[in-house]
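Working notes, structure below.
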Amino acid sequence: MSEDGSSSEETNTPTTSVSQDTSTAENTAITTSAFNIHPETPSSSSSFNTHLAIQSLSSILTTVSPSLLSQDQDPAFYLLHNPDISSQVSSLLRLPDSGAGDNNLCRWFYDTFQSSEPQLQLVVLRFLPIIAGLYLSRVALKKPLAGFEAVLLAIYAHETTSRAGQAVTVNVPDLSYPSIYHESKRPAKDNDAADLNLAVISPSLEPHGTVRSTRRARIVGVALELYYSKISLMPVGSKIDFCEFCKVWSGQEGHELQDDEDNVEFQDNQGNAEKESVIKEGRIALPWELLQPISRILGHCLLGPTRDEELIGSASAACRSLYSRSLHDINPHAILATRSLLRLSKMALDPKNNADHTEIPMSDVISL
Amino acid sequence: MLGSQSSDSIEYEDQTPSREVWANGVCMKTSEVEAKLDEGNIQEAESSLREGLSLNFEVMNNFGIYGCIPENGLLQKANLYLLSTSMKEARALLGRLEYQRGNVEAALHVFDGIDLPAAIQRLQPSFSEKQPSRKGRSRGDSQHAVSQHAASLVLEAIYLKAKSLQKLGRLNDAAHECKRVLDAVEKIFHQGIPDVQVDNRLQDTVCQAVELLPELWKQAGCYHEAMSAYRRALLSQWNLGDDNCSRIQKAFAVFLMHSGVEAGPPSLAAQVDGSYVPKHNLEEAILLLMILVRKFYLGKIVWDPSILEHLTFALSLCGQTSVLAKELEEIMPGVFHRVDRWNTLALCYSTVGQNKAALNLLRKSLHKHEQPDDLTALLLAAKICSEDSHLAAEGVGYAQRAISNAQGRNEHLKGVAIRMLGLCSGKQATISPSDFERSRLQSEALKSLDAAMSLEKNNPDLLFELGMLYAEQRNLNTALRYAKRFIDATGGSLLKGWRLLALILSAQHRFSEAEVVIDAALDETAKWEQGPLLRLKAKLKTSQSLPMGAIETYRYLLALVQAQRKSFGPLRSVSQVGGDGVNEYEVWHGLADLYSRLSHWKDMEVCVMLQGRGQAEEAMSAYITALLVDPSFVPCKILIGALLSKRDSNALPVARSILSDALKIEPTSRMAWYYLGIIHRVDGRIADAADCFQAASMLEEFDPIENFSSIL
């Protein structure tokens with residue numbers, strides 16, 4: 001299909017993937033005739049893209065059940081949620097040289113993301129925690145990373161295009177003016193937002209054709225922002241992957257909140273000080289452009305509507321590590337964000353904060 | 001049925017061990033009914049309940065006894081109404097009984113036997129048809145009473161059905177049932193639920209349904225429905241209680257913050273003219289949380305610490321911790337401990353760079369009568385002090401206290417505390433009045449940083465700090481090693497690493513290598529952040545006697561600075577504008593310096609208007625003004641000293657003392673030694689002059705092209 005070719009024009013295709021682009025285009029032409037599918041109809045084109053993606057993935061993975069293509073259910077959904085596929089892909093991703101420019105799996109991710117098929121892009125985003133996690137942790141180890149970079153740049157370019165490079169801003173409300181949720185004596189003012197507090201959540205985006213090392217955190221941060229915006233569609237496994245990498249990135253053991261006096265049993269044992277003197281691989285610099293999307297994702301895992309116990313456990317461990325790290329960095333901004341998350345997750349687990357107010361009063365006397 | 005109202009008061013008061021059912025002023029033990037239910041015989045249970053409670057037409061006439069219904073004509077109507085509902089009443093009671101016994105499946109079965117949609121249907125016309133046409137007010141009111149009770153019964157039945165479905169895990173069905181309660185209420189009460197004369201039980205059911213609906217959608221995974229259910233709950237008139245409403249507001253705020261689903265703007269109908277309409281999840285969540293905090297001030301709700309934590313999280317996400325500080329300051333004393341408040345405020349202020357304010361708060365909270373051992377506060381105070389040479393001595397104290405308190409489970413912070421001690425000592429050394437003191441502090445700083453290094457092996461910041469310290473002591477080879485290790489450890493992601501490396505190389509007079517480093521750094525930097533690197537590059541070109549290259553670089557830098565000034569709207573983050581920015585005047589100054597070397601005096605005059613020949617007076621006054629602004633600004637002192645040294649001999653002692661002063665602050669200032677030498681020579685102290693010149697020339701050998709501290 002034509003998307004494959006055209007998408008590489010607007011996004012800055014890294015050199016490693018250019019050749020791959022053309023090869024899939026050929027591939028497409030062949031299979032189109034074989035399946036006799038009309039590319040004009042959007043529905044068939046999307047399912048065609050999906051089947052193509054599954055086909056090329058099955059050539060990479062060792063054991064993909066051939067029954068995949070005959071699945072009745074939505075194949076993209078299957079790709080996203082199938083635990084076998086996820087575990088195979090993630091173990092391939094975790095191989096030492098997986099980030100190289102000629103890595104098949106990275107190419108698959110790149111091409112699949114460039115297919116501009118929202119469902120398939122979700123599949124790529126599902127593995128973003130592992131890709132970003134490995135990528136940032138391996139930078140200092142001087143391993144080949146062009147493959148990871150191509151995927152991350154594709155995601156960054158996608159986000160740059162869809163935001164038109166604009167910054168994401170928020171007006172912090174001022175309660176002295178009335179709002180839809182409250183009244184105020186002061187007259188409503190006209191739409192002059194001048195004296196509202198304008199906060200930049202994500203600064204404007206410049207196009208990047210390569211990963212410059214000083215922009216690395218920003219590029220990954222923007223990819224994580226996209227991940228966050230789709231997080232309600234992500235399987236739990238992907239979020240747990242993310243939490244695991246947060247712990248690696250922080251380079252810290254999780255420590256309980258200092259103001260937590262009653263939890264003496266949580267005190268870390270004495271051996272801890274020795275453990276810390278060992279250099280931990282994977283610790284990375286955590287500027288706010290990374291920490292902000294990380295905090296939002298962890299907030300979702302801890303306090304979001306899906307209450308999965310394993311995820312909550314994993315996310316609170318990640319949060320403890322990041323809080324500990326913020327203390328080591330004496331970074332007040334990070335301390336505030338991670339500490340409030342930790343306190344909130346604790347309160348959420350406290351049964352006395354979970355009274356069900358929608359339950360009717362259970363009295364022994366029932367009256368009509 | 002009206003008997004139920006009279007029994008309301010005692011309903012919950014006596015806690016009898018076995019269950020009872022009250023209706024029509026009759027009380028009945030439920031054991032018999034329950035037994036029948038356990039046998040699975042709903043029909044019989046129902047009839048025994050009806051018998052026991054006399055839920056039939058004959059008994060309805062007895063209502064006259066209670067005297068609750070004022071007009072006879074209406075009594076007839078009410079009776080008819082009750083006749084049709086008497087079966088439903090029994091069913092509803094049975095359902096509730098089963099529900100309370102925990103047999104939700106059986107309860108559901110009973111509720112299914114009631115034709116609820118029809119019951120709702122019947123309720124509607126009784127309002128919409130009759131209310132407008134009635135003239136007599138009292139009639140309308142009693143009609144209210146009848147229908148409200150009937151409505152309350154039906155709605156409670158539907159509500160319990162929804163709850164039963166929820167408990168059975170059929171969340172979608174539950175949500176639809178629950179939605180029916182609200183739809184029905186909206187149809188029955190067109191003008192919203194009236195504040196007065198509303199049946200308590202009906203109001204309770206409505207409130208619970210309003211609260212339950214979004215919860216059900218949320219559990220069912222229908223997030224968009226949940227969003228609109230929350231908005232419907234908060235934007236329509238349900239006559240919710242304060243607690244009820246606050247719980248919904250808080251739950252909605254949490255959902256907006258953490259669901260990961262964008263809510264989109266509220267419907268146009270909800271947007272009152274001129275009032276603030278949030279456009280983003282975060283905006284809406286912050287608005288709701290702020291309203292909740294205000295409700296607490298007004299005494300409408302009890303304090304809920306999680307509200308403040310949610311607000312803290314939301315506002316720190318947008319970097320608006322100064323707004324958070326304002327909220328914290330408004331909270332009345334006694335809600336939470338003042339030390340906690342001070343410490344959190346300090347974190348807020350420090351986040352937005354108001355370190356002075358933060359330090360003042362920390363001084364209060366670390367006072368010996370408050371919490372002098374709080375480790376986080378000690379560390380933050382030490383860090384703030386380590387950035388200001390005049391506070392460094394105070395910081396040493398905090399760091400030492402932090403070290404002695406980093407015990408037990410806080411042991412892991414010991415390395416951090418030691419590192420802060422090192423940084424504070426190093427900073428303190430820079431303003432130390434005596435040579436002896438200075439070298440003592442410097443070696444202490446090195447010792448601390450080395451010790452911290454063994455505890456915090458994986459912290460690359462330490463590599464940088466050690467590199468800086470060695471560089472400032474002109475131990476250039478060691479410094480170089482640390483700078484390289486820092487770049488490796490951070491993957492070159494931090495500009496300051498590249499700049500340190502280039503400066504160290506320039507101090508070693510390895511200019512071309514330094515230029516290679518700068519070029520590499522330029523490759524790794526986006527256009528807007530290249531300013532400081534370009535400035536370095538221009539200076540490196542100058543040092544290599546490549547004036548044309550330098551001018552070219554300066555031109556490029558000027559164009560960049562001007563483009564930056566034009567294109568940076570308010571939407572740039574702080575990191576993009578502040579910190580690393582290049583001052584345009586610095587560029588002009590650099591150009592001036594370059595032209596002066598080339599003896600292009602005319603050009604230089606254009607660049608630096610004041611410091612031309614014959615304008616020494618104006619230059620002098622400008623320098624003195626600058627010195628008043630920042631009394632420890634060394635370059636100005638040197639320039640004043642230089643100007644004074646060229647005047648008559650009366651000014652020489654003043655010049656000498658100013659230069660000595662400059663050397664105290666910055667002993668490695670080559671120019672200060674040089675001018676001091678000149679003054680000694682003019683005064684005829686040849687030996688002193690020679691010493692000074694020697695110091696200046698030795699320093700020149702190790703002088704970086706820019707001061708190391710310019711990196712920070």
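Here, A, B, ... name the chains of the structure tokens in the order displayed, residue numbers run from 1 inside each chain, and ligands are numbered from 1 in the same displayed order.
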
Practice problem: Output the contact residues of chain B with respect to chain A at a cut-off of 6 Å, based on only C-alpha atoms, as a VMD selection string. | Solution: chain B and resid 4 19 to 23 208 212 258 to 260 274 to 276 287 309 313 316 318 347 351 409 412 416 455 457 to 458 489 491 to 494 524 to 525 572 to 573

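Within 7 Å of range 539-552 of chain B, once only C-alpha atoms are used and residues closer than 4 positions along the same chain are dropped, the contacting residues are Phe511, Glu515, Arg535, Tyr556, Leu594 and Ile705 of chain B.
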